[in-house]
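> Data file work_17.cif (mmCIF, C-alpha atoms) is appended below.
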data_run
loop_
_atom_site.label_atom_id
_atom_site.label_comp_id
_atom_site.auth_asym_id
_atom_site.auth_seq_id
_atom_site.Cartn_x
_atom_site.Cartn_y
_atom_site.Cartn_z
CA MET A 1 0.00 0.00 0.00
CA SER A 2 1.37 3.40 -0.93
CA ILE A 3 0.91 5.59 2.13
CA ARG A 4 3.07 8.16 0.41
CA HIS A 5 0.74 8.54 -2.55
CA SER A 6 -2.39 8.29 -0.43
CA LEU A 7 -1.26 11.20 1.76
CA LEU A 8 -0.26 13.24 -1.28
CA ALA A 9 -3.71 12.67 -2.82
CA LEU A 10 -5.39 13.83 0.40
CA LEU A 11 -3.18 16.95 0.47
CA GLN A 12 -4.11 17.71 -3.12
CA ASP A 13 -7.69 17.83 -1.88
CA GLN A 14 -6.76 20.48 0.72
CA PRO A 15 -3.93 21.36 3.16
CA ARG A 16 -4.11 19.26 6.35
CA TYR A 17 -2.14 18.33 9.44
CA GLY A 18 -0.93 14.84 10.31
CA TYR A 19 -3.79 13.64 12.49
CA GLN A 20 -6.36 14.95 9.99
CA LEU A 21 -4.63 12.97 7.25
CA ARG A 22 -4.87 9.78 9.25
CA VAL A 23 -8.58 10.28 10.03
CA GLU A 24 -9.37 11.23 6.45
CA PHE A 25 -7.53 8.19 5.06
CA GLU A 26 -9.36 5.81 7.38
CA ASN A 27 -12.74 7.43 6.66
CA ARG A 28 -12.31 7.07 2.94
CA THR A 29 -11.18 3.45 3.05
CA GLY A 30 -13.60 2.30 5.74
CA ALA A 31 -10.84 1.87 8.35
CA THR A 32 -9.84 -1.32 6.51
CA TRP A 33 -6.16 -0.45 6.62
CA PRO A 34 -5.48 1.32 9.92
CA LEU A 35 -2.74 3.91 9.69
CA ASN A 36 -0.18 4.42 12.43
CA ILE A 37 0.21 8.12 13.29
CA GLY A 38 4.00 7.62 13.47
CA GLN A 39 3.94 6.35 9.88
CA VAL A 40 2.06 9.48 8.84
CA TYR A 41 4.67 11.84 10.32
CA THR A 42 7.64 9.84 8.96
CA THR A 43 6.06 9.87 5.52
CA LEU A 44 5.36 13.61 5.69
CA ASP A 45 9.05 14.24 6.60
CA ARG A 46 10.16 12.26 3.55
CA LEU A 47 7.65 13.97 1.27
CA GLU A 48 8.95 17.36 2.48
CA ARG A 49 12.56 16.25 1.96
CA ASP A 50 11.66 15.23 -1.62
CA GLY A 51 9.99 18.59 -2.30
CA LEU A 52 6.51 17.09 -2.78
CA VAL A 53 4.91 18.84 0.20
CA SER A 54 5.78 21.96 2.20
CA LYS A 55 5.04 23.12 5.74
CA ASP A 56 2.41 25.81 5.69
CA GLY A 57 2.54 27.25 9.22
CA ASP A 58 0.18 26.04 11.92
CA ASP A 59 -3.52 26.27 12.58
CA GLY A 60 -3.11 28.33 15.75
CA GLU A 61 -3.50 25.23 17.94
CA GLY A 62 -0.01 23.92 17.35
CA HIS A 63 -0.83 21.58 14.43
CA VAL A 64 1.64 21.86 11.57
CA ILE A 65 -0.26 22.21 8.30
CA TYR A 66 1.14 20.61 5.15
CA SER A 67 0.40 21.68 1.55
CA ILE A 68 1.15 19.88 -1.69
CA THR A 69 3.72 21.41 -4.08
CA ASP A 70 3.52 21.43 -7.90
CA ALA A 71 5.97 18.52 -7.97
CA GLY A 72 3.69 16.72 -5.52
CA LYS A 73 0.65 17.30 -7.76
CA ALA A 74 2.55 15.86 -10.70
CA GLU A 75 3.46 12.82 -8.59
CA VAL A 76 -0.21 12.24 -7.63
CA GLY A 77 -1.21 12.58 -11.28
CA ASN A 78 1.31 9.90 -12.28
CA TRP A 79 0.17 7.61 -9.47
CA PHE A 80 -3.49 7.77 -10.51
CA ALA A 81 -2.60 7.36 -14.20
CA ALA A 82 -0.34 4.33 -13.82
CA PRO A 83 -1.77 0.83 -13.25
CA VAL A 84 -0.74 -0.82 -9.98
CA GLU A 85 2.50 -2.71 -10.55
CA ARG A 86 2.19 -6.45 -10.69
CA ASN A 87 5.77 -7.53 -11.30
CA ASN A 88 6.18 -8.21 -7.62
CA PRO A 89 3.03 -10.05 -6.43
CA PRO A 90 2.27 -9.59 -2.75
CA ARG A 91 3.22 -12.54 -0.60
CA ASN A 92 0.32 -14.93 -0.32
CA GLU A 93 0.66 -16.91 2.86
CA LEU A 94 -2.10 -19.32 1.94
CA ALA A 95 -0.51 -20.23 -1.42
CA ILE A 96 2.85 -20.68 0.27
CA LYS A 97 1.31 -22.84 3.00
CA LEU A 98 -0.45 -25.14 0.53
CA ALA A 99 2.55 -25.35 -1.78
CA LEU A 100 4.61 -26.56 1.18
CA ALA A 101 1.84 -28.83 2.48
CA VAL A 102 1.53 -30.79 -0.77
CA THR A 103 5.27 -31.41 -0.89
CA ILE A 104 5.70 -32.55 2.71
CA PRO A 105 4.61 -36.14 3.49
CA GLY A 106 2.10 -36.69 6.28
CA VAL A 107 0.41 -33.28 6.07
CA ASP A 108 -3.42 -33.39 5.90
CA VAL A 109 -3.84 -31.11 2.90
CA GLN A 110 -7.59 -31.66 2.62
CA GLY A 111 -7.90 -30.73 6.30
CA ILE A 112 -5.96 -27.52 5.69
CA ILE A 113 -8.14 -26.68 2.70
CA GLN A 114 -11.37 -27.28 4.60
CA ALA A 115 -10.27 -25.30 7.67
CA GLN A 116 -9.30 -22.40 5.43
CA ARG A 117 -12.55 -22.69 3.48
CA VAL A 118 -14.61 -22.35 6.65
CA ALA A 119 -12.58 -19.32 7.73
CA SER A 120 -12.79 -17.71 4.30
CA ILE A 121 -16.55 -18.27 3.99
CA ARG A 122 -17.03 -16.78 7.44
CA ALA A 123 -15.08 -13.70 6.39
CA LEU A 124 -17.12 -13.58 3.18
CA GLN A 125 -20.34 -13.74 5.24
CA ASP A 126 -19.15 -10.84 7.36
CA TYR A 127 -18.13 -8.73 4.34
CA THR A 128 -21.44 -9.52 2.61
CA LYS A 129 -23.35 -8.46 5.71
CA ALA A 130 -21.29 -5.28 6.01
CA ARG A 131 -22.03 -4.53 2.37
CA ARG A 132 -25.74 -5.19 2.82
CA ASP A 133 -25.94 -2.98 5.91
CA THR A 134 -24.00 -0.17 4.25
CA ALA A 135 -26.04 -0.36 1.03
CA THR A 136 -29.26 -0.23 3.07
CA SER A 137 -28.28 2.82 5.10
CA GLN A 138 -27.16 4.73 1.95
CA ARG A 139 -25.31 7.53 3.66
CA PRO A 140 -23.41 9.98 1.50
CA GLY A 141 -19.74 9.11 1.49
CA ASP A 142 -20.45 5.38 1.61
CA THR A 143 -19.53 4.91 -2.04
CA ALA A 144 -15.79 4.71 -1.37
CA TRP A 145 -16.38 2.28 1.48
CA LEU A 146 -18.64 0.08 -0.71
CA LEU A 147 -15.87 -0.12 -3.32
CA VAL A 148 -13.44 -1.32 -0.68
CA ILE A 149 -15.90 -3.95 0.64
CA ASP A 150 -16.56 -5.16 -2.92
CA SER A 151 -12.83 -5.57 -3.42
CA LEU A 152 -12.58 -7.66 -0.24
CA ILE A 153 -15.59 -9.75 -1.32
CA PHE A 154 -14.05 -10.47 -4.72
CA GLN A 155 -10.67 -11.35 -3.20
CA THR A 156 -12.20 -13.70 -0.65
CA GLU A 157 -14.43 -15.33 -3.24
CA ALA A 158 -11.38 -15.89 -5.46
CA GLU A 159 -9.65 -17.51 -2.49
CA VAL A 160 -12.55 -19.95 -1.97
CA ARG A 161 -12.69 -20.80 -5.68
CA TRP A 162 -8.97 -21.43 -5.67
CA LEU A 163 -9.37 -23.72 -2.64
CA ASP A 164 -12.11 -25.64 -4.52
CA LEU A 165 -9.74 -26.03 -7.46
CA CYS A 166 -6.88 -27.22 -5.24
CA GLU A 167 -9.19 -29.79 -3.68
CA ALA A 168 -10.55 -30.99 -7.02
CA ARG A 169 -6.97 -31.46 -8.26
CA MET A 170 -6.12 -33.50 -5.19
CA VAL A 171 -9.20 -35.70 -5.61
CA GLN A 172 -8.27 -36.21 -9.26
CA GLN A 173 -4.76 -37.22 -8.30
CA ALA A 174 -5.99 -39.59 -5.60
CA GLN A 175 -8.37 -41.03 -8.17
CA SER A 176 -5.77 -41.77 -10.81
CA ALA A 177 -3.49 -43.19 -8.11
CA GLY A 178 -6.43 -45.34 -6.96
CA GLN A 179 -7.10 -46.56 -10.48
CA ALA A 180 -3.44 -47.46 -10.93
CA ARG A 181 -3.58 -49.46 -7.71
CA ARG A 182 -6.81 -51.16 -8.73
CA THR A 183 -5.38 -52.48 -11.97
CA SER A 184 -2.37 -53.94 -10.18
CA THR A 185 -3.57 -54.96 -6.71
CA GLY A 186 -7.36 -54.92 -6.77
CA VAL A 187 -9.82 -52.37 -5.41
CA THR A 188 -8.61 -50.35 -2.44
CA GLU A 189 -11.06 -48.86 -0.03
CA ALA A 190 -10.19 -45.29 -0.96
CA ALA A 191 -10.58 -45.92 -4.66
CA ALA A 192 -13.90 -47.65 -4.03
CA ALA A 193 -15.19 -44.63 -2.15
CA LEU A 194 -14.15 -42.28 -4.95
CA HIS A 195 -15.70 -44.62 -7.48
CA ALA A 196 -18.97 -44.60 -5.59
CA ASP A 197 -18.83 -40.82 -5.38
CA ASN A 198 -18.50 -40.55 -9.15
CA ARG A 199 -21.55 -42.65 -9.78
CA ARG A 200 -23.82 -40.24 -7.94
CA MET B 1 -40.37 -37.97 18.38
CA SER B 2 -37.74 -35.41 19.11
CA VAL B 3 -38.11 -32.30 21.22
CA GLN B 4 -38.75 -29.19 19.18
CA GLY B 5 -38.97 -25.53 20.01
CA PRO B 6 -41.81 -23.58 18.43
CA GLN B 7 -39.39 -21.66 16.24
CA GLN B 8 -37.96 -24.67 14.43
CA VAL B 9 -39.38 -24.79 10.94
CA LEU B 10 -37.26 -27.65 9.65
CA GLU B 11 -35.62 -30.44 11.57
CA LEU B 12 -33.69 -33.37 10.16
CA ALA B 13 -32.83 -35.89 12.86
CA GLY B 14 -30.35 -38.69 12.15
CA VAL B 15 -31.30 -38.70 8.48
CA SER B 16 -29.64 -41.19 6.13
CA LYS B 17 -30.42 -41.87 2.50
CA THR B 18 -29.07 -44.83 0.60
CA PHE B 19 -29.65 -45.51 -3.08
CA GLY B 20 -29.48 -49.12 -4.28
CA GLU B 21 -28.92 -52.22 -2.18
CA GLY B 22 -26.21 -54.60 -1.10
CA ALA B 23 -22.81 -54.29 -2.75
CA THR B 24 -23.92 -51.53 -5.12
CA ALA B 25 -25.56 -49.41 -2.39
CA VAL B 26 -24.47 -45.77 -2.34
CA ALA B 27 -24.95 -43.67 0.78
CA ALA B 28 -26.02 -40.16 -0.30
CA LEU B 29 -26.56 -38.93 3.28
CA ARG B 30 -25.25 -40.41 6.51
CA ASP B 31 -26.80 -39.57 9.85
CA VAL B 32 -27.41 -35.88 9.21
CA ASP B 33 -28.79 -33.63 11.96
CA LEU B 34 -29.85 -30.18 10.85
CA THR B 35 -32.29 -27.64 12.25
CA ILE B 36 -33.41 -24.40 10.65
CA SER B 37 -35.37 -21.89 12.70
CA ALA B 38 -37.86 -19.29 11.60
CA GLY B 39 -36.04 -16.27 10.19
CA GLU B 40 -32.86 -18.22 9.57
CA PHE B 41 -31.11 -18.43 6.20
CA VAL B 42 -28.89 -21.50 5.85
CA ALA B 43 -26.67 -22.30 2.85
CA VAL B 44 -25.47 -25.82 2.10
CA MET B 45 -22.17 -26.16 0.24
CA GLY B 46 -20.21 -29.17 -0.87
CA PRO B 47 -18.63 -30.76 -3.94
CA SER B 48 -20.89 -32.48 -6.46
CA GLY B 49 -21.98 -35.84 -5.12
CA SER B 50 -21.71 -34.69 -1.50
CA GLY B 51 -25.47 -35.09 -0.94
CA LYS B 52 -26.63 -31.46 -1.22
CA SER B 53 -29.57 -32.06 -3.52
CA SER B 54 -30.62 -35.22 -1.64
CA LEU B 55 -30.73 -33.17 1.54
CA LEU B 56 -32.99 -30.59 -0.07
CA ALA B 57 -35.28 -33.24 -1.56
CA LEU B 58 -35.72 -34.87 1.86
CA ALA B 59 -36.34 -31.51 3.54
CA GLY B 60 -39.07 -30.72 1.03
CA GLY B 61 -40.73 -34.12 1.30
CA LEU B 62 -39.92 -34.89 -2.34
CA ASP B 63 -38.11 -38.03 -1.20
CA ARG B 64 -38.15 -40.12 1.95
CA PRO B 65 -35.12 -40.96 4.09
CA THR B 66 -33.86 -44.53 4.44
CA SER B 67 -33.64 -43.86 8.17
CA GLY B 68 -34.09 -40.90 10.51
CA SER B 69 -36.87 -38.32 10.61
CA VAL B 70 -37.80 -35.07 8.89
CA PHE B 71 -40.08 -32.56 10.62
CA VAL B 72 -41.60 -29.52 8.94
CA GLU B 73 -43.21 -27.16 11.46
CA SER B 74 -43.16 -30.01 13.98
CA THR B 75 -45.07 -32.36 11.65
CA PRO B 76 -43.18 -35.62 11.05
CA LEU B 77 -43.28 -36.15 7.27
CA ALA B 78 -43.03 -39.94 7.71
CA GLY B 79 -46.52 -39.96 9.24
CA LEU B 80 -48.17 -38.25 6.26
CA GLY B 81 -49.92 -39.97 3.39
CA LEU B 82 -49.27 -38.75 -0.15
CA ASN B 83 -52.21 -36.33 -0.16
CA ASP B 84 -51.36 -34.79 3.20
CA LEU B 85 -47.72 -34.50 2.19
CA ALA B 86 -48.69 -32.74 -1.04
CA ARG B 87 -50.93 -30.35 0.92
CA LEU B 88 -48.17 -29.55 3.40
CA ARG B 89 -45.77 -28.90 0.54
CA ARG B 90 -48.19 -26.51 -1.15
CA ARG B 91 -48.94 -24.60 2.04
CA ALA B 92 -45.70 -24.48 3.94
CA VAL B 93 -42.88 -25.26 1.53
CA GLY B 94 -41.63 -23.24 -1.43
CA TYR B 95 -39.22 -25.09 -3.68
CA VAL B 96 -36.99 -23.47 -6.33
CA PHE B 97 -35.71 -26.13 -8.70
CA GLN B 98 -32.55 -25.97 -10.78
CA ASP B 99 -34.60 -26.34 -13.96
CA PHE B 100 -37.49 -24.02 -12.91
CA ASN B 101 -40.31 -26.62 -13.41
CA LEU B 102 -42.69 -23.99 -14.76
CA VAL B 103 -45.81 -24.83 -16.79
CA PRO B 104 -45.28 -23.53 -20.36
CA THR B 105 -49.02 -23.17 -21.14
CA LEU B 106 -49.61 -20.82 -18.19
CA THR B 107 -48.65 -17.16 -17.83
CA ALA B 108 -46.15 -16.02 -15.20
CA ALA B 109 -48.94 -14.95 -12.83
CA GLU B 110 -50.84 -18.22 -13.39
CA ASN B 111 -47.71 -20.25 -12.67
CA VAL B 112 -47.18 -18.37 -9.42
CA ALA B 113 -50.85 -18.63 -8.41
CA LEU B 114 -51.03 -22.35 -9.22
CA PRO B 115 -50.00 -23.81 -5.84
CA LEU B 116 -52.48 -21.49 -4.08
CA GLU B 117 -55.35 -22.42 -6.40
CA LEU B 118 -54.54 -26.13 -6.08
CA ASP B 119 -54.86 -25.59 -2.37
CA GLY B 120 -58.34 -24.08 -2.69
CA THR B 121 -57.54 -20.35 -2.57
CA ALA B 122 -60.10 -18.36 -4.57
CA SER B 123 -58.81 -17.41 -7.99
CA ARG B 124 -58.92 -13.65 -7.47
CA LYS B 125 -57.13 -13.82 -4.13
CA ALA B 126 -54.53 -16.21 -5.56
CA HIS B 127 -53.91 -13.80 -8.41
CA ARG B 128 -53.47 -10.90 -6.01
CA GLN B 129 -50.92 -12.85 -3.96
CA ALA B 130 -49.16 -13.94 -7.16
CA MET B 131 -48.82 -10.29 -8.17
CA ASP B 132 -47.33 -9.49 -4.75
CA ALA B 133 -44.77 -12.25 -5.24
CA LEU B 134 -43.90 -11.08 -8.77
CA ARG B 135 -43.43 -7.58 -7.38
CA GLN B 136 -41.06 -8.96 -4.75
CA VAL B 137 -38.85 -10.49 -7.44
CA GLY B 138 -39.06 -7.30 -9.52
CA ILE B 139 -41.06 -8.44 -12.56
CA PRO B 140 -44.73 -7.42 -12.03
CA GLU B 141 -44.83 -6.14 -15.63
CA LEU B 142 -44.21 -9.66 -16.97
CA ALA B 143 -47.26 -11.19 -15.26
CA ASP B 144 -49.11 -11.97 -18.51
CA ARG B 145 -46.15 -13.42 -20.42
CA PHE B 146 -45.83 -17.09 -21.27
CA MET B 147 -42.59 -18.92 -20.58
CA ASP B 148 -41.40 -18.88 -24.19
CA GLN B 149 -41.67 -15.07 -24.11
CA MET B 150 -39.24 -14.75 -21.20
CA SER B 151 -35.46 -15.02 -20.77
CA GLY B 152 -33.92 -17.68 -18.55
CA GLY B 153 -33.34 -15.09 -15.85
CA GLN B 154 -36.95 -13.91 -15.98
CA GLN B 155 -38.23 -17.51 -15.81
CA GLN B 156 -36.02 -18.08 -12.78
CA ARG B 157 -37.63 -15.10 -11.07
CA VAL B 158 -41.07 -16.54 -11.80
CA ALA B 159 -39.90 -19.81 -10.23
CA ILE B 160 -38.76 -17.91 -7.15
CA ALA B 161 -42.01 -15.95 -6.97
CA ARG B 162 -43.87 -19.27 -7.03
CA ALA B 163 -41.71 -20.53 -4.18
CA VAL B 164 -42.30 -17.49 -1.95
CA VAL B 165 -45.97 -16.83 -2.78
CA GLY B 166 -48.47 -16.94 0.08
CA GLN B 167 -45.88 -16.40 2.82
CA ARG B 168 -44.47 -19.93 2.83
CA ARG B 169 -42.60 -20.72 6.05
CA LEU B 170 -39.91 -22.90 4.49
CA ILE B 171 -38.14 -21.92 1.26
CA LEU B 172 -35.85 -24.51 -0.34
CA ALA B 173 -33.68 -23.45 -3.25
CA ASP B 174 -31.43 -25.70 -5.32
CA GLU B 175 -28.75 -23.66 -7.17
CA PRO B 176 -31.36 -20.98 -7.96
CA THR B 177 -28.85 -18.68 -9.64
CA GLY B 178 -27.55 -21.25 -12.13
CA ALA B 179 -28.94 -19.60 -15.26
CA LEU B 180 -28.46 -16.02 -14.15
CA ASP B 181 -25.85 -13.33 -14.64
CA SER B 182 -24.21 -12.07 -11.47
CA THR B 183 -26.39 -8.98 -10.98
CA THR B 184 -29.60 -10.99 -11.34
CA GLY B 185 -28.09 -13.66 -9.12
CA GLN B 186 -27.60 -11.07 -6.43
CA GLY B 187 -31.24 -10.03 -6.85
CA VAL B 188 -32.26 -13.64 -6.10
CA MET B 189 -30.18 -13.58 -2.92
CA GLU B 190 -31.88 -10.34 -1.90
CA VAL B 191 -35.30 -11.98 -2.28
CA LEU B 192 -34.26 -15.04 -0.25
CA ARG B 193 -32.71 -12.80 2.39
CA SER B 194 -35.84 -10.67 2.67
CA ARG B 195 -38.00 -13.81 3.04
CA ALA B 196 -35.78 -14.91 5.91
CA GLU B 197 -36.03 -11.48 7.48
CA ALA B 198 -39.80 -11.72 7.16
CA GLY B 199 -39.65 -14.91 9.26
CA ALA B 200 -39.31 -17.77 6.77
CA ALA B 201 -36.71 -20.50 7.17
CA VAL B 202 -34.57 -20.58 4.03
CA MET B 203 -32.28 -23.39 2.86
CA LEU B 204 -30.11 -22.70 -0.18
CA VAL B 205 -27.97 -25.31 -1.92
CA THR B 206 -25.14 -23.69 -3.84
CA HIS B 207 -21.54 -24.13 -4.90
CA GLU B 208 -21.05 -20.36 -5.17
CA ALA B 209 -19.30 -18.94 -2.13
CA ARG B 210 -20.52 -15.42 -2.81
CA HIS B 211 -24.14 -16.60 -2.65
CA ALA B 212 -23.60 -18.82 0.38
CA ALA B 213 -22.17 -15.74 2.09
CA TRP B 214 -25.66 -14.19 2.21
CA ALA B 215 -26.70 -16.90 4.68
CA ASP B 216 -26.64 -16.68 8.47
CA ARG B 217 -25.08 -20.13 8.59
CA VAL B 218 -23.15 -22.15 6.01
CA VAL B 219 -23.20 -25.94 6.30
CA PHE B 220 -20.50 -27.97 4.55
CA LEU B 221 -21.41 -31.44 3.29
CA ARG B 222 -18.89 -34.05 2.28
CA ASP B 223 -19.65 -37.66 1.41
CA GLY B 224 -23.13 -37.27 2.85
CA ARG B 225 -22.00 -35.90 6.20
CA ILE B 226 -22.00 -32.43 7.69
CA VAL B 227 -18.31 -31.74 8.25
CA ASP B 228 -18.35 -28.08 9.25
CA GLN B 229 -20.55 -25.07 9.84
CA ALA B 230 -19.70 -21.42 9.55
CA ALA B 231 -21.75 -18.64 11.07
CA ALA B 232 -21.16 -14.93 10.78
CA LEU B 233 -20.56 -14.02 14.39
CA GLN B 234 -18.32 -11.01 14.44
CA ASP B 235 -19.30 -7.44 14.11
CA PRO B 236 -18.17 -6.76 10.54
CA ALA B 237 -16.52 -3.47 11.50
CA VAL B 238 -14.32 -5.31 14.00
CA LEU B 239 -13.44 -7.93 11.41
CA LEU B 240 -12.52 -5.35 8.80
CA ALA B 241 -10.34 -3.48 11.26
CA GLN B 242 -8.64 -6.74 12.15
CA ALA B 243 -8.06 -7.63 8.52
CA GLY B 244 -5.55 -4.77 8.28
CA LEU B 245 -4.55 -6.19 4.89
#
Re-express the file's structure as structure tokens.

Amino acid sequence: MSIRHSLLALLQDQPRYGYQLRVEFENRTGATWPLNIGQVYTTLDRLERDGLVSKDGDDGEGHVIYSITDAGKAEVGNWFAAPVERNNPPRNELAIKLALAVTIPGVDVQGIIQAQRVASIRALQDYTKARRDTATSQRPGDTAWLLVIDSLIFQTEAEVRWLDLCEARMVQQAQSAGQARRTSTGVTEAAAALHADNRR
Amino acid sequence: MSVQGPQQVLELAGVSKTFGEGATAVAALRDVDLTISAGEFVAVMGPSGSGKSSLLALAGGLDRPTSGSVFVESTPLAGLGLNDLARLRRRAVGYVFQDFNLVPTLTAAENVALPLELDGTASRKAHRQAMDALRQVGIPELADRFMDQMSGGQQQRVAIARAVVGQRRLILADEPTGALDSTTGQGVMEVLRSRAEAGAAVMLVTHEARHAAWADRVVFLRDGRIVDQAAALQDPAVLLAQAGL
């Protein structure tokens, strides 16, 4: 997540001080990605060093107000115009876990898949409910929040579909292994169960 | 006879279903216990062949279990003759089939009114209730169309209107969004959800996670057994804050 660009975009909207930036960021993204106030100030220091923002005095209550510079505006423009970079996919703990599970003997991969499926569906239920409640209340300013929930719903749904695919692959593999065994050593119990399953 | 609270609309107690006999017997359901209360929306998920559709057929009295009992509004289905079972289905149970099961020679409104009229409701009253149901699914303007004048999505809505007409207490839906695009599919979920909120017990069989997520409780079937259940418990705001992605 680019805190740097998010803060710049908020400053393009209007000059603000650090705490305001944090509140505004969380409001607009539904508090999905909480922002540490320390991170906000560190980022503002760097943006000032790079000439993208400048200090603009204080508001009379001791808050230092920051404004965006022309260079900062250009930077925001570039950020909005450019697609999000994909050459470095974010680390996906679930994919890593399953990739390791299938290569290590004795790990109950189906158990891992099912446990994750339950957790993912539960999250999907909660997101769907949040979306329903938000859509019903229809307050102004909810549009940005709805977009964020939709994104979470799509991501979680993709996760469940991927889990289904992983499981189907494993069943297929077990099946062909079972068939191989059947031709050489007769019907095993596992292969018989799969066979019965297919006939339904 | 098992103990039931007044709010339980559907109860399956120790239900098993086996097709065939002897060496070729296949167990579709094994010792399933499941209760759905009034106002509760339950989704059933599982791979094909896990017993989802068998479960729905038993719940709706379309099939009888090999062992165990099914109760609809405290009435044990096993004790009912064919006529009484048919009457209970028309009055209390709305069923949305995968392939719609609509009558092609009737209009949309006539299809929706049919179960009411079969049950002795006066024609005019049945028509009025049918129009209410068509309004609920968003197609009152298509009331006079025949099935061959409607798209698959529109026919599916008629099928859903027929299932919810007359304030049925138990709505059973088998992959009701199969033929629909995603926006229309979401509309179907909204109708099922609103029926649950109006006090009906809803059971949805689906393989789509995003539809199952509309339910209060998701039941996972595998090889004829319930292996897991997921219920939305957390306050969504707390969950989203925790996600901190």
> List the neighbours of segment 197-205 of chain B out to 8 Å using all atoms listed in the file; skip same-chain residues closer than 5 positions along the sequence, and give me the result as an mmCIF file with C-alpha atoms, in the coordinates of the input.

data_model
loop_
_atom_site.group_PDB
_atom_site.id
_atom_site.type_symbol
_atom_site.label_atom_id
_atom_site.label_comp_id
_atom_site.auth_asym_id
_atom_site.auth_seq_id
_atom_site.Cartn_x
_atom_site.Cartn_y
_atom_site.Cartn_z
ATOM 1 C CA VAL B 9 -39.380 -24.790 10.940
ATOM 2 C CA LEU B 10 -37.260 -27.650 9.650
ATOM 3 C CA ILE B 36 -33.410 -24.400 10.650
ATOM 4 C CA SER B 37 -35.370 -21.890 12.700
ATOM 5 C CA ALA B 38 -37.860 -19.290 11.600
ATOM 6 C CA GLY B 39 -36.040 -16.270 10.190
ATOM 7 C CA GLU B 40 -32.860 -18.220 9.570
ATOM 8 C CA PHE B 41 -31.110 -18.430 6.200
ATOM 9 C CA VAL B 42 -28.890 -21.500 5.850
ATOM 10 C CA ALA B 43 -26.670 -22.300 2.850
ATOM 11 C CA VAL B 44 -25.470 -25.820 2.100
ATOM 12 C CA MET B 45 -22.170 -26.160 0.240
ATOM 13 C CA LYS B 52 -26.630 -31.460 -1.220
ATOM 14 C CA SER B 53 -29.570 -32.060 -3.520
ATOM 15 C CA LEU B 56 -32.990 -30.590 -0.070
ATOM 16 C CA GLN B 167 -45.880 -16.400 2.820
ATOM 17 C CA ARG B 168 -44.470 -19.930 2.830
ATOM 18 C CA ARG B 169 -42.600 -20.720 6.050
ATOM 19 C CA LEU B 170 -39.910 -22.900 4.490
ATOM 20 C CA ILE B 171 -38.140 -21.920 1.260
ATOM 21 C CA LEU B 172 -35.850 -24.510 -0.340
ATOM 22 C CA ALA B 173 -33.680 -23.450 -3.250
ATOM 23 C CA ASP B 174 -31.430 -25.700 -5.320
ATOM 24 C CA GLU B 175 -28.750 -23.660 -7.170
ATOM 25 C CA LEU B 192 -34.260 -15.040 -0.250
ATOM 26 C CA ALA B 212 -23.600 -18.820 0.380
#
> Step by step: start from the point (-26.1, -39.0, 5.7) in the file's coordinates, keep every protein, DNA or RNA residue that has an atom no farther than 10 Å from it, count only C-alpha atoms, and write the set as a list in words.
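Every residue inside that radius is included here: Gly14, Val15, Ser16, Lys17, Thr18, Ala27, Ala28, Leu29, Arg30, Asp31, Val32, Asp33, Ser50, Gly51, Ser54, Leu55, Pro65, Thr66, Ser67, Gly68, Leu221, Arg222, Asp223, Gly224, Arg225 and Ile226 of chain B.
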> List the residues selected by the PyMOL selection byres ((chain A and resi 132-135) around 12) in the file shown, writing them as an mmCIF file with C-alpha atoms, in the coordinates of the input.

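This is the output file expr.cif:
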data_model
loop_
_atom_site.group_PDB
_atom_site.id
_atom_site.type_symbol
_atom_site.label_atom_id
_atom_site.label_comp_id
_atom_site.auth_asym_id
_atom_site.auth_seq_id
_atom_site.Cartn_x
_atom_site.Cartn_y
_atom_site.Cartn_z
ATOM 1 C CA GLY A 30 -13.600 2.300 5.740
ATOM 2 C CA GLN A 125 -20.340 -13.740 5.240
ATOM 3 C CA ASP A 126 -19.150 -10.840 7.360
ATOM 4 C CA TYR A 127 -18.130 -8.730 4.340
ATOM 5 C CA THR A 128 -21.440 -9.520 2.610
ATOM 6 C CA LYS A 129 -23.350 -8.460 5.710
ATOM 7 C CA ALA A 130 -21.290 -5.280 6.010
ATOM 8 C CA ARG A 131 -22.030 -4.530 2.370
ATOM 9 C CA THR A 136 -29.260 -0.230 3.070
ATOM 10 C CA SER A 137 -28.280 2.820 5.100
ATOM 11 C CA GLN A 138 -27.160 4.730 1.950
ATOM 12 C CA ARG A 139 -25.310 7.530 3.660
ATOM 13 C CA PRO A 140 -23.410 9.980 1.500
ATOM 14 C CA GLY A 141 -19.740 9.110 1.490
ATOM 15 C CA ASP A 142 -20.450 5.380 1.610
ATOM 16 C CA THR A 143 -19.530 4.910 -2.040
ATOM 17 C CA ALA A 144 -15.790 4.710 -1.370
ATOM 18 C CA TRP A 145 -16.380 2.280 1.480
ATOM 19 C CA LEU A 146 -18.640 0.080 -0.710
ATOM 20 C CA LEU A 147 -15.870 -0.120 -3.320
ATOM 21 C CA VAL A 148 -13.440 -1.320 -0.680
ATOM 22 C CA ILE A 149 -15.900 -3.950 0.640
ATOM 23 C CA ASP A 150 -16.560 -5.160 -2.920
ATOM 24 C CA ILE A 153 -15.590 -9.750 -1.320
ATOM 25 C CA GLN B 186 -27.600 -11.070 -6.430
ATOM 26 C CA MET B 189 -30.180 -13.580 -2.920
ATOM 27 C CA GLU B 190 -31.880 -10.340 -1.900
ATOM 28 C CA ARG B 193 -32.710 -12.800 2.390
ATOM 29 C CA SER B 194 -35.840 -10.670 2.670
ATOM 30 C CA ALA B 213 -22.170 -15.740 2.090
ATOM 31 C CA TRP B 214 -25.660 -14.190 2.210
ATOM 32 C CA ALA B 215 -26.700 -16.900 4.680
ATOM 33 C CA ASP B 235 -19.300 -7.440 14.110
ATOM 34 C CA PRO B 236 -18.170 -6.760 10.540
ATOM 35 C CA ALA B 237 -16.520 -3.470 11.500
#
